[in-house]
Structures are given as structure tokens and as C-alpha cells.
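Asks: Sharing a structure with you now.
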Amino acid sequence: MRRVSHPRGRATLLGQAAALVAAAALLGACGESVVGAPERPTGRPSVPSCLTPSGELLADIDGDGLTDRVRDPSHTGAQLTVAFGKKAGYGKPVGVRKLIDGSGADEKDVLAAVADFDGDGWSDLVVVATGQNQGDDAIEPTVAELVSGPFSASGRGQHTRHLDLGETRGIAVADYDHDPHPDLAVFAYSGDGVYQTEARLGDRDTGLADASADTSARYTVVADQTDDDTPSNMPRSGLSTFYPKCGKSGSQG
Ligand SMILES: [Ca+2]
Ligand SMILES: [Ca+2]
């Protein structure tokens with residue numbers, strides 16, 4: 001029995017299928033892009049990243065080829081700002097409550113830290129928002145995320161990963177295991193009046209690895225005092241280990 005075929009219809013269908021496959025391949029190559037995020041970079045930043053004598057990070061945060069400036073005078077993430085570079089000078093610094101982009105922005109503690117945790121050359125953003133303490137039991141943060149750079153003024157980046165953090169009251173870049181990846185120190189309430197500083201280790205694949213029994217045993221430090229607003233056992237910014245000093249012109253030296 002002869003099969004009835006529709007060569008033209010089939011050819012069109014095949015053409016459409018081929019176009020779909022090509023489009024999917026293109027998407028796969030470029031990856032999914034996040035709305036409002038800077039375009040996915042094709043290489044490392046064109047401007048060098050460096051640290052000023054006062055501890056400011058100069059780096060291209062949003063991937064536009066202009067140097068941006070990151071400050072955190074609090075050393076606990078609460079007062080971090082990013083001033084995005086313009087052709088001349090910098091724009092108005094953007095604070096943590098803008099960088100967290102919506103949900104969590106009104107929480108009691110909103111914290112941010114910036115470093116190249118995964119080592120791809122682009123500085124990444126950690127944002128954590130935690131509500132009011134509820135008493136003896138620790139609460140979960142509303143937002144706890146690692147956003148891969150380059151990222152925008154609204155904290156949108158290439159990829160977002162949820163972090164396994166507890167009731168977080170302070171964060172800072174640290175160097176725990178002396179590998180090339182910056183680590184994160186996390187000052188958290190662990191319940192029953194006890195605060196502790198925990199480590200999350202920088203990692204090429206995930207950016208920041210989850211806590212493990214090993215990292216907890218090695219690096220967790222219980223605070224001397226409870227209800228300590230300014231964590232005395234928090235490491236000072238560890239950025240100087242990972243970024244070179246800036247030269248006199250403000251560029252890498
Ligand atoms: Ca920039
Ligand atoms: Ca990075």
C-alpha cells in the first residue's frame with residue numbers, strides 16, 4: 001500500500017525543527033540570561049581589580065568596562081556600597097537594601113559582601129536578609145544568596161545560588177583555608193543565646209560551598225559574649241589576600 005506523503009509540509013516541519021534545534025543550541029551556548037543582569041561576559045574583565053590603601057575594592061562589577069568602587073566601612077556587610085563608574089567619576093553609591101532587589105530589603109539586617117568567590121575574574125555578590133530575632137530559637141534568613149558577577153545595581157547577576165545560612169547578623173570576606181578562593185565568614189545566632197562565626201569556603205564550581213561537618217569542626221568559633229552587636233571574633237576583611245594593591249593612579253600596581 002502506498003503511503004500518502006506531503007513532501008512540502010514535511011520539509012516545512014523539518015525546517016522548523018532544524019530552526020528550533022539551532023535556537024536551542026544557541027541558548028545552550030549562551031546560557032539562560034537573568035532579566036536586568038549585565039550581559040554574560042565572553043572573557044575576564046578588561047580593567048584590573050585592585051584594593052586601595054583604605055580597603056576599597058576597585059573592579060568592574062557590572063561588566064561595562066568601567067571601574068566601580070566597593071566599600072564596607074562596617075566590616076560586617078551592613079554598610080556595603082557599590083559606586084558604579086561613569087565616564088568621569090562614580091555614580092551615587094548603591095547600598096545593600098538596593099542590591100538585595102525586592103524581597104528582604106526591609107528586614108532588620110540586610111548584609112552584602114563582594115569578592116570573586118569562584119575565581120572567574122568577576123567579583124560576585126553575597127546578599128543576606130534576616131528578620132527580627134524571635135527569642136531562643138534561631139530563625140532562617142529571608143534571603144541568602146550568592147549572585148555570580150558581573151552583577152547590576154539591583155543585584156542581578158549571571159546565576160544565583162541559595163546559601164545554607166542560619167540567622168545571620170554579619171558577613172565578611174575571609175581567608176580560612178588559604179587557597180586562591182575567597183571565603184565567607186558568617187556571624188550567626190545559633191539559638192539559646194549563643195552566637196558563633198562560621199565559615200563557608202570559596203569554591204570554583206559552586207562559588208561558596210555548603211557547610212560540612214569538617215568546616216564546622218575546623219572553623220566555627222563561638223562568640224565570647226552573647227548578644228554581641230559587633231562581633232569581636234569576626235575576621236577583618238580578607239580582600240587583601242585576594243586582590244592586588246592599587247597603584248598611585250588608582251589602577252592595579
Ligand atoms: Ca563597571
Ligand atoms: Ca566570580
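Starting from 1 in every chain, residues are counted up; chains themselves are A, B, ... following the order of the C-alpha cells, and ligands are numbered from 1 as listed.
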Could you pull the residues within 7 Å of segment 239-241 of chain A, counting only C-alpha atoms, minus those fewer than 2 positions along the same chain, as a list in words?

Replies: Leu51, Val173, Ser237, Tyr243 and Pro244 of chain A

Asks: Write out as a list of chain:residue names each polymer residue whose atoms come within 10 Å of Gly43 of chain A, counting only C-alpha atoms; drop sequence neighbours fewer than 5 positions from it.

Replies: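 Near Gly43 of chain A, the qualifying residues are A:Asp120, A:Gly121, A:Trp122.
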
Asks: Using only C-alpha atoms and all ligand atoms, find each protein or nucleic acid residue lying at most 6 Å from ligand 2; present the set as a tab-separated table (two decimals) with N, CA and C atoms, in the first residue's frame.

Replies:
chain	number	residue	atom	x	y	z
A	116	ASP	N	35.51	37.67	44.42
A	116	ASP	CA	35.41	36.69	43.33
A	116	ASP	C	35.53	35.28	43.92
A	117	PHE	N	34.42	34.79	44.45
A	117	PHE	CA	34.44	33.52	45.18
A	117	PHE	C	34.77	32.34	44.27
A	118	ASP	N	34.30	32.37	43.02
A	118	ASP	CA	34.53	31.22	42.13
A	118	ASP	C	35.77	31.38	41.26
A	119	GLY	N	36.43	32.54	41.35
A	119	GLY	CA	37.71	32.71	40.68
A	119	GLY	C	37.65	32.86	39.17
A	120	ASP	N	36.51	33.33	38.62
A	120	ASP	CA	36.44	33.52	37.16
A	120	ASP	C	36.86	34.92	36.75
A	121	GLY	N	37.33	35.72	37.72
A	121	GLY	CA	37.80	37.07	37.41
A	121	GLY	C	36.76	38.14	37.70
A	122	TRP	N	35.49	37.74	37.77
A	122	TRP	CA	34.40	38.69	38.02
A	122	TRP	C	33.99	38.62	39.49
A	123	SER	N	33.93	39.75	40.16
A	123	SER	CA	33.55	39.78	41.57
A	123	SER	C	32.08	39.42	41.72
A	124	ASP	N	31.80	38.59	42.70
A	124	ASP	CA	30.45	38.07	42.94
A	124	ASP	C	29.85	38.76	44.18
A	148	SER	N	26.42	35.45	40.97
A	148	SER	CA	27.67	35.47	40.21
A	148	SER	C	27.78	36.74	39.39
A	149	GLY	N	28.98	37.32	39.41
A	149	GLY	CA	29.22	38.53	38.65
A	149	GLY	C	29.51	38.24	37.19

Asks: Enumerate residues in contact with ligand 1: an atom-to-atom distance of at most 6 Å, counting only C-alpha atoms and all ligand atoms. Format the result as a list in words.

Replies: Asp60, Ile61, Asp62, Gly63, Asp64, Gly65, Leu66, Thr67, Asp68, Phe84 and Gly85 of chain A

Asks: Write the residues you've just listed into a file as a PDB file, in the first residue's frame, and include C-alpha atoms for each of them.

Replies:
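Contents of result.pdb, as written:
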ATOM      1  CA  ASP A  60      34.440  46.251  37.038  1.00  0.00           C
ATOM      2  CA  ILE A  61      31.398  44.950  38.900  1.00  0.00           C
ATOM      3  CA  ASP A  62      28.781  45.278  36.139  1.00  0.00           C
ATOM      4  CA  GLY A  63      30.921  44.358  33.161  1.00  0.00           C
ATOM      5  CA  ASP A  64      30.656  47.677  31.276  1.00  0.00           C
ATOM      6  CA  GLY A  65      34.429  48.114  31.060  1.00  0.00           C
ATOM      7  CA  LEU A  66      34.479  50.942  33.630  1.00  0.00           C
ATOM      8  CA  THR A  67      35.955  50.557  37.099  1.00  0.00           C
ATOM      9  CA  ASP A  68      33.480  50.515  40.017  1.00  0.00           C
ATOM     10  CA  PHE A  84      29.312  52.313  39.641  1.00  0.00           C
ATOM     11  CA  GLY A  85      31.862  54.021  37.409  1.00  0.00           C
TER      12      GLY A  85
END

Asks: Just the residues within 8 Å of Pro182 of chain A, please, counting only C-alpha atoms, with nothing from its chain fewer than 2 positions along; format it as a list of chain:residue names.

Replies: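 Returned residues: A:Ala115, A:Asp116, A:Phe117, A:Val173, A:Ala174, A:Asp175, A:Asp179, A:Pro180, A:Leu184, A:Leu201, A:Gly202, A:Gly238, A:Leu239, A:Phe242.
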
Asks: Could you check the closest approach to Gly95 of chain A for each of A:Asp72, A:Asp192, A:Glu39, A:Asp214 and tell me which residue wins, using only C-alpha atoms?

Replies: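 Checking each of A:Asp72, A:Asp192, A:Glu39, A:Asp214 against Gly95 of chain A, counting only C-alpha atoms, the winner is A:Asp72.
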
Asks: Sorted by chain and rising residue number, which residues of segment 82-144 of chain A lie within 6 Å of segment 151-172 of chain A, and what are their closest atom pairs and distances in Å to one decimal, counting only C-alpha atoms, as JSON lines?

Replies:
{"residue": "A:Lys98", "atom": "CA", "partner": "A:Ser154", "partner_atom": "CA", "distance": 5.8}
{"residue": "A:Leu99", "atom": "CA", "partner": "A:Gly155", "partner_atom": "CA", "distance": 4.4}
{"residue": "A:Ile100", "atom": "CA", "partner": "A:Gly155", "partner_atom": "CA", "distance": 5.8}
{"residue": "A:Asp101", "atom": "CA", "partner": "A:Ser154", "partner_atom": "CA", "distance": 5.3}
{"residue": "A:Ala138", "atom": "CA", "partner": "A:Glu167", "partner_atom": "CA", "distance": 5.7}
{"residue": "A:Ile139", "atom": "CA", "partner": "A:Glu167", "partner_atom": "CA", "distance": 5.3}
{"residue": "A:Glu140", "atom": "CA", "partner": "A:Glu167", "partner_atom": "CA", "distance": 5.3}
{"residue": "A:Pro141", "atom": "CA", "partner": "A:Glu167", "partner_atom": "CA", "distance": 5.7}
{"residue": "A:Ala144", "atom": "CA", "partner": "A:Leu163", "partner_atom": "CA", "distance": 5.3}

Asks: Write the residues you've just listed into a file as a PDB file, in the first residue's frame, and include N, CA and C atoms for each of them.

Replies:
ATOM      1  N   LYS A  98      19.302  48.154  48.232  1.00  0.00           N
ATOM      2  CA  LYS A  98      19.031  48.195  46.784  1.00  0.00           C
ATOM      3  C   LYS A  98      19.592  46.944  46.117  1.00  0.00           C
ATOM      4  N   LEU A  99      20.772  46.529  46.596  1.00  0.00           N
ATOM      5  CA  LEU A  99      21.436  45.374  45.971  1.00  0.00           C
ATOM      6  C   LEU A  99      20.655  44.081  46.181  1.00  0.00           C
ATOM      7  N   ILE A 100      19.828  44.036  47.234  1.00  0.00           N
ATOM      8  CA  ILE A 100      19.104  42.794  47.507  1.00  0.00           C
ATOM      9  C   ILE A 100      17.849  42.678  46.642  1.00  0.00           C
ATOM     10  N   ASP A 101      17.474  43.755  45.963  1.00  0.00           N
ATOM     11  CA  ASP A 101      16.474  43.685  44.908  1.00  0.00           C
ATOM     12  C   ASP A 101      15.129  43.118  45.361  1.00  0.00           C
ATOM     13  N   ALA A 138      16.785  30.008  66.730  1.00  0.00           N
ATOM     14  CA  ALA A 138      17.300  30.765  65.583  1.00  0.00           C
ATOM     15  C   ALA A 138      16.263  30.772  64.471  1.00  0.00           C
ATOM     16  N   ILE A 139      16.184  31.890  63.737  1.00  0.00           N
ATOM     17  CA  ILE A 139      15.267  31.955  62.596  1.00  0.00           C
ATOM     18  C   ILE A 139      16.064  31.805  61.301  1.00  0.00           C
ATOM     19  N   GLU A 140      15.356  31.544  60.222  1.00  0.00           N
ATOM     20  CA  GLU A 140      16.015  31.417  58.915  1.00  0.00           C
ATOM     21  C   GLU A 140      16.059  32.777  58.248  1.00  0.00           C
ATOM     22  N   PRO A 141      17.085  33.054  57.470  1.00  0.00           N
ATOM     23  CA  PRO A 141      17.081  34.323  56.729  1.00  0.00           C
ATOM     24  C   PRO A 141      15.996  34.320  55.643  1.00  0.00           C
ATOM     25  N   ALA A 144      19.202  34.500  51.290  1.00  0.00           N
ATOM     26  CA  ALA A 144      20.617  34.147  51.474  1.00  0.00           C
ATOM     27  C   ALA A 144      21.118  33.626  50.137  1.00  0.00           C
TER      28      ALA A 144
END

Asks: Considering only helix (DSSP H, G or I) as DSSP defines it on the backbone, what residues of segment 173-216 of chain A qualify? List them as a list in words.

Replies: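 Restricting segment 173-216 of chain A to helix (DSSP H, G or I) produces Ala213, Asp214, Thr215 and Ser216 of chain A.
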
Asks: Quick one: DSSP strand (DSSP E) residues in segment 133-238 of chain A, as a VMD selection string?

Replies: chain A and resid 143 to 147 160 to 162 167 to 174 183 to 191 194 to 200 202 to 203 207 to 208 221 to 222

Asks: In Å to one decimal, how far is atom CA of Glu107 of chain A from atom CA of Asp137 of chain A?

Replies: 17.8 Å
